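For reference, upload_31.pdb is printed below; it contains PDB, C-alpha atoms and all ligand atoms.
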MODEL        1
ATOM      1  CA  MET A   1     275.353 166.385  85.031
ATOM      2  CA  LEU A   2     276.913 169.811  84.584
ATOM      3  CA  ALA A   3     278.929 171.121  87.535
ATOM      4  CA  LEU A   4     281.417 173.892  88.234
ATOM      5  CA  THR A   5     284.312 172.201  89.980
ATOM      6  CA  LEU A   6     287.317 173.694  91.691
ATOM      7  CA  THR A   7     290.453 171.867  90.570
ATOM      8  CA  ASP A   8     294.211 172.307  90.922
ATOM      9  CA  HIS A   9     293.944 174.330  87.698
ATOM     10  CA  GLY A  10     291.162 176.633  88.934
ATOM     11  CA  PRO A  11     287.425 176.450  88.274
ATOM     12  CA  ILE A  12     286.314 174.194  85.423
ATOM     13  CA  ALA A  13     282.787 173.450  84.184
ATOM     14  CA  ARG A  14     282.429 169.694  83.725
ATOM     15  CA  HIS A  15     279.601 168.006  81.809
ATOM     16  CA  ASP A  16     280.546 164.524  83.008
ATOM     17  CA  TRP A  17     280.289 165.070  86.765
ATOM     18  CA  PRO A  18     278.368 162.117  88.242
ATOM     19  CA  THR A  19     274.837 162.927  89.419
ATOM     20  CA  PRO A  20     274.831 162.136  93.153
ATOM     21  CA  ILE A  21     272.636 159.299  94.460
ATOM     22  CA  PRO A  22     270.707 159.964  97.693
ATOM     23  CA  SER A  23     270.843 157.522 100.598
ATOM     24  CA  PRO A  24     267.905 157.154 103.011
ATOM     25  CA  GLY A  25     267.794 160.371 105.047
ATOM     26  CA  GLN A  26     269.087 162.449 102.139
ATOM     27  CA  ALA A  27     267.442 164.426  99.371
ATOM     28  CA  LEU A  28     268.519 164.869  95.774
ATOM     29  CA  ILE A  29     267.822 168.490  94.924
ATOM     30  CA  ARG A  30     267.621 170.026  91.472
ATOM     31  CA  VAL A  31     269.219 173.465  91.764
ATOM     32  CA  ARG A  32     266.940 176.214  90.428
ATOM     33  CA  VAL A  33     269.262 179.118  91.204
ATOM     34  CA  ALA A  34     272.525 179.573  93.133
ATOM     35  CA  GLY A  35     274.358 182.640  94.418
ATOM     36  CA  ILE A  36     278.039 183.538  94.406
ATOM     37  CA  CYS A  37     279.378 184.898  97.678
ATOM     38  CA  ALA A  38     282.726 186.142  98.975
ATOM     39  CA  THR A  39     283.500 182.706 100.399
ATOM     40  CA  ASP A  40     283.423 181.215  96.883
ATOM     41  CA  LEU A  41     285.860 183.870  95.709
ATOM     42  CA  GLN A  42     288.123 183.176  98.708
ATOM     43  CA  LEU A  43     288.029 179.434  97.944
ATOM     44  CA  LEU A  44     289.136 180.287  94.405
ATOM     45  CA  ALA A  45     291.990 182.282  95.892
ATOM     46  CA  GLY A  46     293.041 179.233  97.896
ATOM     47  CA  TYR A  47     291.570 180.165 101.255
ATOM     48  CA  LYS A  48     291.088 177.258 103.680
ATOM     49  CA  GLY A  49     293.658 174.891 102.326
ATOM     50  CA  GLY A  50     292.472 173.689  99.021
ATOM     51  CA  TYR A  51     288.827 172.668  98.754
ATOM     52  CA  ARG A  52     288.412 170.495  95.692
ATOM     53  CA  GLY A  53     284.936 169.734  94.381
ATOM     54  CA  VAL A  54     281.768 171.478  93.249
ATOM     55  CA  LEU A  55     281.592 175.085  94.486
ATOM     56  CA  GLY A  56     278.525 176.955  95.768
ATOM     57  CA  HIS A  57     276.532 176.930  98.999
ATOM     58  CA  GLU A  58     273.737 179.473  98.430
ATOM     59  CA  PHE A  59     270.839 177.969  96.480
ATOM     60  CA  ALA A  60     267.139 177.467  96.030
ATOM     61  CA  GLY A  61     266.096 174.143  94.558
ATOM     62  CA  GLU A  62     263.471 171.448  94.228
ATOM     63  CA  VAL A  63     263.575 167.993  95.789
ATOM     64  CA  VAL A  64     263.471 165.346  93.050
ATOM     65  CA  ASP A  65     264.313 162.245  95.088
ATOM     66  CA  ALA A  66     264.214 161.402  98.791
ATOM     67  CA  PRO A  67     264.285 157.678  99.565
ATOM     68  CA  GLY A  68     261.747 156.893 102.275
ATOM     69  CA  ALA A  69     260.578 160.515 102.496
ATOM     70  CA  GLN A  70     258.242 160.938  99.534
ATOM     71  CA  GLN A  71     256.555 163.927 101.192
ATOM     72  CA  TRP A  72     259.565 166.081 100.244
ATOM     73  CA  ILE A  73     259.428 165.315  96.522
ATOM     74  CA  GLY A  74     258.430 168.315  94.412
ATOM     75  CA  ARG A  75     258.908 170.811  97.229
ATOM     76  CA  ARG A  76     260.971 173.933  96.747
ATOM     77  CA  VAL A  77     263.684 174.078  99.399
ATOM     78  CA  VAL A  78     266.705 175.892 100.741
ATOM     79  CA  GLY A  79     269.280 174.043 102.811
ATOM     80  CA  GLU A  80     271.538 174.650 105.779
ATOM     81  CA  ILE A  81     275.104 174.167 104.680
ATOM     82  CA  ASN A  82     276.826 172.394 107.598
ATOM     83  CA  ILE A  83     276.627 168.620 107.681
ATOM     84  CA  GLY A  84     277.499 167.317 111.156
ATOM     85  CA  CYS A  85     278.455 163.725 111.964
ATOM     86  CA  GLY A  86     275.709 163.506 114.593
ATOM     87  CA  ALA A  87     277.964 161.484 116.901
ATOM     88  CA  CYS A  88     280.754 163.723 118.225
ATOM     89  CA  ASP A  89     280.559 165.626 121.529
ATOM     90  CA  LEU A  90     279.752 168.929 119.775
ATOM     91  CA  CYS A  91     276.963 167.434 117.637
ATOM     92  CA  ARG A  92     275.488 165.840 120.763
ATOM     93  CA  ARG A  93     275.471 169.255 122.437
ATOM     94  CA  GLY A  94     273.524 170.756 119.541
ATOM     95  CA  LEU A  95     276.602 172.439 118.056
ATOM     96  CA  SER A  96     276.615 170.460 114.818
ATOM     97  CA  LYS A  97     277.726 173.520 112.827
ATOM     98  CA  HIS A  98     280.992 173.142 114.772
ATOM     99  CA  CYS A  99     281.091 169.320 114.383
ATOM    100  CA  ARG A 100     284.612 167.940 114.699
ATOM    101  CA  ALA A 101     284.145 166.031 111.442
ATOM    102  CA  ARG A 102     282.140 168.785 109.809
ATOM    103  CA  ARG A 103     281.483 168.886 106.108
ATOM    104  CA  THR A 104     280.112 172.014 104.495
ATOM    105  CA  LEU A 105     278.185 172.322 101.245
ATOM    106  CA  GLY A 106     280.484 173.607  98.520
ATOM    107  CA  ILE A 107     283.151 174.617 101.055
ATOM    108  CA  HIS A 108     284.567 171.527 102.731
ATOM    109  CA  LYS A 109     284.318 167.858 101.697
ATOM    110  CA  TRP A 110     280.767 168.125 100.268
ATOM    111  CA  ASP A 111     279.872 168.968  96.660
ATOM    112  CA  GLY A 112     278.029 172.256  96.320
ATOM    113  CA  ALA A 113     275.327 174.106  94.443
ATOM    114  CA  PHE A 114     276.936 175.279  91.190
ATOM    115  CA  ALA A 115     275.608 172.107  89.568
ATOM    116  CA  ASP A 116     272.420 170.652  88.131
ATOM    117  CA  PHE A 117     271.892 168.645  91.346
ATOM    118  CA  LEU A 118     273.154 168.472  94.931
ATOM    119  CA  LEU A 119     272.628 166.230  97.949
ATOM    120  CA  LEU A 120     271.745 167.276 101.483
ATOM    121  CA  PRO A 121     270.491 165.498 104.609
ATOM    122  CA  LEU A 122     266.720 165.966 105.046
ATOM    123  CA  GLU A 123     267.285 167.640 108.423
ATOM    124  CA  ASN A 124     269.112 170.473 106.620
ATOM    125  CA  LEU A 125     266.106 171.337 104.439
ATOM    126  CA  HIS A 126     263.578 174.140 104.842
ATOM    127  CA  ALA A 127     260.572 174.429 102.537
ATOM    128  CA  ILE A 128     260.335 177.789 100.772
ATOM    129  CA  PRO A 129     257.000 179.585 101.356
ATOM    130  CA  ASP A 130     254.982 179.972  98.118
ATOM    131  CA  SER A 131     255.181 183.762  98.367
ATOM    132  CA  VAL A 132     259.002 183.756  98.208
ATOM    133  CA  PRO A 133     260.411 183.495  94.673
ATOM    134  CA  ASP A 134     263.591 181.514  93.998
ATOM    135  CA  GLU A 135     265.653 184.665  93.451
ATOM    136  CA  ALA A 136     264.762 185.886  96.952
ATOM    137  CA  ALA A 137     265.086 182.450  98.593
ATOM    138  CA  VAL A 138     268.647 182.158  97.306
ATOM    139  CA  PHE A 139     269.535 184.894  99.826
ATOM    140  CA  VAL A 140     268.408 182.812 102.816
ATOM    141  CA  GLU A 141     271.870 181.555 103.776
ATOM    142  CA  PRO A 142     273.558 184.984 104.057
ATOM    143  CA  LEU A 143     270.359 186.393 105.583
ATOM    144  CA  ALA A 144     270.422 183.660 108.241
ATOM    145  CA  ALA A 145     274.095 184.500 108.843
ATOM    146  CA  SER A 146     273.024 188.122 109.371
ATOM    147  CA  LEU A 147     270.327 187.045 111.856
ATOM    148  CA  GLN A 148     272.946 185.117 113.814
ATOM    149  CA  ILE A 149     274.142 188.488 115.164
ATOM    150  CA  LEU A 150     270.770 188.918 116.892
ATOM    151  CA  GLU A 151     271.132 185.420 118.385
ATOM    152  CA  GLN A 152     274.490 186.436 119.854
ATOM    153  CA  VAL A 153     274.195 190.103 120.899
ATOM    154  CA  GLN A 154     271.333 191.887 122.550
ATOM    155  CA  ILE A 155     270.442 194.874 120.366
ATOM    156  CA  ALA A 156     267.784 197.217 121.732
ATOM    157  CA  PRO A 157     266.114 200.235 120.128
ATOM    158  CA  SER A 158     268.431 202.402 122.262
ATOM    159  CA  SER A 159     271.580 200.600 121.018
ATOM    160  CA  ARG A 160     274.014 202.531 118.841
ATOM    161  CA  VAL A 161     275.113 200.137 116.127
ATOM    162  CA  VAL A 162     277.523 200.566 113.233
ATOM    163  CA  VAL A 163     277.766 198.219 110.243
ATOM    164  CA  LEU A 164     281.068 198.568 108.454
ATOM    165  CA  GLY A 165     280.912 197.409 104.848
ATOM    166  CA  ASP A 166     278.456 197.883 101.975
ATOM    167  CA  GLY A 167     279.101 194.601 100.156
ATOM    168  CA  ARG A 168     276.774 191.639  99.578
ATOM    169  CA  LEU A 169     276.676 190.603 103.228
ATOM    170  CA  GLY A 170     276.931 194.084 104.741
ATOM    171  CA  LEU A 171     273.740 195.262 103.032
ATOM    172  CA  LEU A 172     271.838 192.213 104.345
ATOM    173  CA  VAL A 173     273.262 192.660 107.856
ATOM    174  CA  ALA A 174     272.185 196.320 107.740
ATOM    175  CA  GLN A 175     268.616 195.433 106.734
ATOM    176  CA  VAL A 176     268.347 192.762 109.433
ATOM    177  CA  LEU A 177     269.656 195.069 112.165
ATOM    178  CA  ALA A 178     267.287 197.804 110.987
ATOM    179  CA  THR A 179     264.360 195.518 111.952
ATOM    180  CA  THR A 180     265.327 196.081 115.627
ATOM    181  CA  ALA A 181     264.802 199.866 115.287
ATOM    182  CA  CYS A 182     268.262 200.408 116.806
ATOM    183  CA  GLN A 183     270.249 203.597 116.058
ATOM    184  CA  LEU A 184     271.988 202.224 113.007
ATOM    185  CA  THR A 185     274.725 203.715 110.831
ATOM    186  CA  VAL A 186     276.054 201.880 107.790
ATOM    187  CA  ILE A 187     279.496 202.894 106.550
ATOM    188  CA  GLY A 188     280.713 202.011 103.075
ATOM    189  CA  ARG A 189     282.711 203.172 100.083
ATOM    190  CA  THR A 190     280.112 203.194  97.304
ATOM    191  CA  PRO A 191     277.271 205.751  97.278
ATOM    192  CA  ALA A 192     275.120 203.603  94.957
ATOM    193  CA  LYS A 193     275.322 200.631  97.306
ATOM    194  CA  LEU A 194     274.686 202.706 100.443
ATOM    195  CA  GLU A 195     271.633 204.093  98.663
ATOM    196  CA  ILE A 196     270.003 200.621  98.734
ATOM    197  CA  VAL A 197     269.725 200.756 102.539
ATOM    198  CA  ALA A 198     269.353 204.545 102.725
ATOM    199  CA  GLN A 199     266.117 204.125 100.753
ATOM    200  CA  ARG A 200     264.865 201.982 103.600
ATOM    201  CA  GLY A 201     265.518 204.714 106.130
ATOM    202  CA  VAL A 202     268.956 203.621 107.323
ATOM    203  CA  HIS A 203     271.508 206.325 108.133
ATOM    204  CA  THR A 204     274.603 205.924 105.946
ATOM    205  CA  LEU A 205     278.085 207.431 105.822
ATOM    206  CA  LEU A 206     280.930 207.299 103.333
ATOM    207  CA  ALA A 207     284.123 205.791 104.762
ATOM    208  CA  SER A 208     285.963 208.781 103.297
ATOM    209  CA  ASP A 209     283.946 211.268 105.370
ATOM    210  CA  GLU A 210     286.639 211.759 108.001
ATOM    211  CA  ARG A 211     284.770 214.498 109.827
ATOM    212  CA  ALA A 212     281.676 212.341 110.329
ATOM    213  CA  LEU A 213     283.786 209.372 111.392
ATOM    214  CA  ALA A 214     285.607 211.501 113.974
ATOM    215  CA  GLN A 215     282.267 212.644 115.342
ATOM    216  CA  LEU A 216     280.982 209.083 115.495
ATOM    217  CA  SER A 217     284.092 207.831 117.288
ATOM    218  CA  THR A 218     283.949 210.465 120.053
ATOM    219  CA  VAL A 219     280.727 208.902 121.318
ATOM    220  CA  GLY A 220     281.420 205.391 120.105
ATOM    221  CA  ALA A 221     278.993 202.649 119.156
ATOM    222  CA  ASP A 222     277.748 199.950 121.528
ATOM    223  CA  VAL A 223     278.112 197.380 118.773
ATOM    224  CA  VAL A 224     280.204 197.524 115.598
ATOM    225  CA  VAL A 225     279.729 194.804 112.989
ATOM    226  CA  GLU A 226     282.788 194.381 110.760
ATOM    227  CA  VAL A 227     281.762 193.070 107.337
ATOM    228  CA  THR A 228     284.593 194.336 105.153
ATOM    229  CA  GLY A 229     286.946 191.463 105.948
ATOM    230  CA  SER A 230     289.889 193.829 105.550
ATOM    231  CA  PRO A 231     292.524 194.805 108.148
ATOM    232  CA  ALA A 232     291.664 198.481 107.505
ATOM    233  CA  GLY A 233     288.032 197.689 108.290
ATOM    234  CA  PHE A 234     289.050 196.074 111.548
ATOM    235  CA  ALA A 235     291.078 199.142 112.561
ATOM    236  CA  LEU A 236     288.165 201.475 111.795
ATOM    237  CA  ALA A 237     285.721 199.187 113.623
ATOM    238  CA  ARG A 238     287.966 199.312 116.661
ATOM    239  CA  ARG A 239     288.100 203.099 116.499
ATOM    240  CA  LEU A 240     284.310 203.467 116.311
ATOM    241  CA  LEU A 241     283.579 201.177 119.263
ATOM    242  CA  ARG A 242     282.995 202.540 122.746
ATOM    243  CA  PRO A 243     284.806 200.985 125.757
ATOM    244  CA  ALA A 244     283.108 197.752 126.888
ATOM    245  CA  GLY A 245     281.435 197.506 123.483
ATOM    246  CA  VAL A 246     280.990 194.469 121.257
ATOM    247  CA  LEU A 247     282.932 194.068 118.025
ATOM    248  CA  VAL A 248     281.249 191.488 115.808
ATOM    249  CA  LEU A 249     283.453 189.917 113.119
ATOM    250  CA  LYS A 250     281.136 188.840 110.356
ATOM    251  CA  SER A 251     283.460 188.141 107.455
ATOM    252  CA  THR A 252     286.566 186.007 107.333
ATOM    253  CA  PHE A 253     289.820 187.888 106.846
ATOM    254  CA  ALA A 254     291.648 186.883 103.712
ATOM    255  CA  GLY A 255     294.967 187.966 105.225
ATOM    256  CA  ASN A 256     296.177 188.441 108.777
ATOM    257  CA  LEU A 257     295.616 191.349 111.117
ATOM    258  CA  ALA A 258     299.201 192.565 111.252
ATOM    259  CA  ASP A 259     298.630 195.534 113.579
ATOM    260  CA  PHE A 260     296.355 193.753 115.970
ATOM    261  CA  ASP A 261     296.581 195.658 119.259
ATOM    262  CA  ALA A 262     295.421 193.058 121.760
ATOM    263  CA  SER A 263     296.240 195.185 124.819
ATOM    264  CA  SER A 264     293.793 197.891 123.800
ATOM    265  CA  LEU A 265     291.062 195.224 123.796
ATOM    266  CA  VAL A 266     292.008 194.388 127.378
ATOM    267  CA  VAL A 267     292.147 197.992 128.552
ATOM    268  CA  ASP A 268     288.836 198.861 126.870
ATOM    269  CA  GLU A 269     287.272 195.520 127.857
ATOM    270  CA  VAL A 270     286.081 194.930 124.327
ATOM    271  CA  THR A 271     284.130 191.793 123.494
ATOM    272  CA  LEU A 272     285.322 190.283 120.207
ATOM    273  CA  LEU A 273     282.631 188.084 118.733
ATOM    274  CA  GLY A 274     283.019 185.748 115.777
ATOM    275  CA  SER A 275     279.741 185.160 113.963
ATOM    276  CA  ARG A 276     279.057 182.701 111.154
ATOM    277  CA  CYS A 277     275.994 180.659 110.150
ATOM    278  CA  GLY A 278     272.545 181.429 111.522
ATOM    279  CA  PRO A 279     268.906 180.332 111.688
ATOM    280  CA  PHE A 280     267.056 179.713 108.396
ATOM    281  CA  ALA A 281     263.450 179.753 109.645
ATOM    282  CA  PRO A 282     263.366 183.443 110.688
ATOM    283  CA  ALA A 283     265.280 184.367 107.528
ATOM    284  CA  LEU A 284     262.511 182.783 105.456
ATOM    285  CA  ARG A 285     259.923 184.645 107.543
ATOM    286  CA  LEU A 286     261.616 187.995 106.838
ATOM    287  CA  LEU A 287     261.573 187.197 103.112
ATOM    288  CA  ALA A 288     257.946 186.039 103.195
ATOM    289  CA  ASP A 289     256.973 189.276 104.951
ATOM    290  CA  GLY A 290     258.761 191.301 102.265
ATOM    291  CA  ARG A 291     260.942 192.999 104.865
ATOM    292  CA  ILE A 292     264.241 192.538 103.020
ATOM    293  CA  ASP A 293     265.105 194.048  99.636
ATOM    294  CA  THR A 294     267.030 191.360  97.790
ATOM    295  CA  ALA A 295     266.149 192.372  94.212
ATOM    296  CA  SER A 296     268.362 195.479  94.370
ATOM    297  CA  LEU A 297     271.329 193.297  95.336
ATOM    298  CA  ILE A 298     271.223 191.186  92.157
ATOM    299  CA  HIS A 299     273.716 192.509  89.625
ATOM    300  CA  ALA A 300     273.916 189.696  87.069
ATOM    301  CA  ARG A 301     272.753 186.199  86.115
ATOM    302  CA  TYR A 302     274.874 183.591  84.339
ATOM    303  CA  PRO A 303     273.913 180.174  83.006
ATOM    304  CA  LEU A 304     275.700 177.322  84.770
ATOM    305  CA  ASN A 305     277.775 176.476  81.685
ATOM    306  CA  ASP A 306     279.143 180.030  81.843
ATOM    307  CA  ALA A 307     279.680 180.004  85.620
ATOM    308  CA  VAL A 308     283.407 180.739  85.314
ATOM    309  CA  ALA A 309     282.518 184.082  83.719
ATOM    310  CA  GLY A 310     280.003 184.612  86.526
ATOM    311  CA  LEU A 311     282.753 184.135  89.119
ATOM    312  CA  GLU A 312     284.945 186.640  87.303
ATOM    313  CA  HIS A 313     282.063 189.098  87.230
ATOM    314  CA  ALA A 314     281.399 188.626  90.955
ATOM    315  CA  ALA A 315     285.053 189.357  91.735
ATOM    316  CA  ARG A 316     284.919 192.788  90.075
ATOM    317  CA  LYS A 317     284.945 195.801  92.344
ATOM    318  CA  GLY A 318     281.527 197.070  93.361
ATOM    319  CA  VAL A 319     279.593 194.037  92.119
ATOM    320  CA  LEU A 320     276.956 192.660  94.485
ATOM    321  CA  LYS A 321     275.147 189.331  93.982
ATOM    322  CA  VAL A 322     275.779 187.312  90.841
ATOM    323  CA  LEU A 323     273.390 184.398  90.345
ATOM    324  CA  ILE A 324     274.102 181.092  88.605
ATOM    325  CA  VAL A 325     271.161 179.515  86.824
ATOM    326  CA  PRO A 326     271.443 175.813  85.860
TER     327      PRO A 326
HETATM  328 ZN    ZN A 401     278.003 182.519 101.389
HETATM  329 ZN    ZN A 402     279.883 165.846 114.861
ENDMDL
END
Represent the structure contained in this file as structure tokens.
Amino acid sequence: MLALTLTDHGPIARHDWPTPIPSPGQALIRVRVAGICATDLQLLAGYKGGYRGVLGHEFAGEVVDAPGAQQWIGRRVVGEINIGCGACDLCRRGLSKHCRARRTLGIHKWDGAFADFLLLPLENLHAIPDSVPDEAAVFVEPLAASLQILEQVQIAPSSRVVVLGDGRLGLLVAQVLATTACQLTVIGRTPAKLEIVAQRGVHTLLASDERALAQLSTVGADVVVEVTGSPAGFALARRLLRPAGVLVLKSTFAGNLADFDASSLVVDEVTLLGSRCGPFAPALRLLADGRIDTASLIHARYPLNDAVAGLEHAARKGVLKVLIVP
């Protein structure tokens, strides 16, 4: 089959990659569409100590083989990306996404979605409702990651919440948080991208609007969600948070936080909250109800055999979602 693999020499499209063979309990899935996210670009840059294999973890596909589970065959599915061992102490406590022997689709020790086919355990699969097209379903993984914030922090209509970052994930986080009717402000650098959520009634600010930022920081937000992944974003998030507030870190930092002032977190009793993968079922419900605009986030589509160009496109400044179509 055709697959985009990450090698010592960078990403290479291979036509001779072996089609995986499902064991009982697994499904062979034909990928219908896959999405490029910041994690893929970080893996290309060498983040997380050298993943080697097929890239890609955001996909919508169709089950073509499932030994002993014929009922899945022909169904359109999305899949959770963490594959736990099922036996370690964390898996037994229901924390399989933190499994001590964890493998992760297209990220760690498990071939991913930029390929004609992929394998996943049946328990990772969620059927896509008929009303949700593939190009919306492909957003389920980052949308679920956005919903994870609501699993972790209580956000009420009276909560003042800031989302920092108007990239691929930031615009999904903003739309998910807007469903709570909280007092939401989204801060970003690109007017055209902020416009996508502004059209849905979300208050937006340019990161260069120093006067507005100063005003915002005098009151301070109850919750700030950092989705820029940059040290400058972290510093601004810190500035906009009120004492005893919650700072949610939603994107991995490519570098280190050099000027990390830990004592100010102590004095202000700030809660720092890491937030990663989230629940797929409610993400699919939001898509089925048409409550999330995903179409505006799609900037380009590339055929799988041209996926390297797609990755280059996705890495350009200001580009949102680039899709890979096998
Ligand atoms: Zn992702
Ligand atoms: Zn485990």
Next on the checklist: List as a ChimeraX atom specification the protein and nucleic acid residues near Leu287 in chain A, meaning an atom at most 12 Å away when all atoms listed in the file are counted, but skip any in the same chain fewer than 3 places from it.
Outcome noted: /A:128-141,143-144,172,175-176,280-284,290-295
Checklist entry - Could you state the separation of CA of Arg93 in chain A and CA of Val224 in chain A in Å, given to one decimal place? => result 29.5 Å
Item to check | Answer key for the PyMOL selection byres (((not hetatm)) within 8 of (chain A and resi 401)), residues as a ChimeraX atom specification | outcome: /A:35-40,56-58,141-142
Item to check | Nearby residues, ligand ZN 402 (chain A), 12 Å, all atoms listed in the file, as number ranges by chain | outcome: A: 82-103
Checklist entry - Could you tell me, as JSON, numbers by chain, which residues have any atom at most 10 Å from (268.0, 164.6, 101.4), counting all atoms listed in the file? => result {"A": [21, 22, 23, 24, 25, 26, 27, 28, 29, 63, 64, 65, 66, 67, 68, 69, 72, 73, 79, 118, 119, 120, 121, 122, 123, 124, 125]}
Item to check | Residues matched by the PyMOL selection byres (((chain A and resi 303) around 7) and not hetatm), written as an MDAnalysis selection string | outcome: chainID A and resid 301:302 304:307 324:326
Item to check | Length of the CA of Pro231 in chain A to CA of Ala258 in chain A vector [Å] | outcome: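 Distance reported for this atom pair: 7.7 Å.
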Around range 311-320 of chain A, fit a box with edges along x, y and z, padding it by 5 Å on each side, then list its centre and edge lengths in Å to one decimal as lines of an AutoDock Vina configuration file.
center_x = 281.0
center_y = 190.6
center_z = 90.9
size_x = 18.1
size_y = 22.9
size_z = 17.3
Item to check | Long-range neighbours of Leu265 in chain A as a PyMOL selection string, 12 Å cut-off, all atoms listed in the file, 6 positions minimum in chain | outcome: chain A and resi 235+238-239+241-247+271-272
Next on the checklist: If the PyMOL selection byres (((chain A and resi 193) around 12) and not hetatm) were run on this exact file, what residues would it hold? Put them as a count of residues only.
Outcome noted: 34
Item to check | Counting all atoms listed in the file, the residue of A:Gly10, A:Ala207, A:Leu147, A:Ala45 that sits nearest Cys277 in chain A | outcome: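 For Cys277 in chain A, the nearest of the given residues is A:Leu147.
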Item to check | Interatomic distance (Å, one decimal) between CA of Phe114 in chain A and CA of Ala309 in chain A | outcome: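 Atom-to-atom, CA of Phe114 in chain A to CA of Ala309 in chain A, that is 12.8 Å.
If you measure from each of A:Val153, A:Leu44, A:Met1, A:Val219 to Val248 in chain A using all atoms listed in the file, the closest one turns out to be A:Val153.
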Checklist entry - Hey, which of A:Thr252, A:Ala115, A:Gln70, A:Trp110 ends up closest to Trp17 in chain A? Count only C-alpha atoms. => result A:Ala115
Checklist entry - Of the candidates A:Asp289, A:Asp259, A:Asp116, A:Glu62, which one gets nearest to His15 in chain A if we count all atoms listed in the file? => result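 Selected residue with least distance to His15 in chain A: A:Asp116.
Counting only C-alpha atoms and comparing A:Thr179, A:Ser217, A:Thr185, A:Gln42, the residue that lies closest to Val161 in chain A is A:Thr185.
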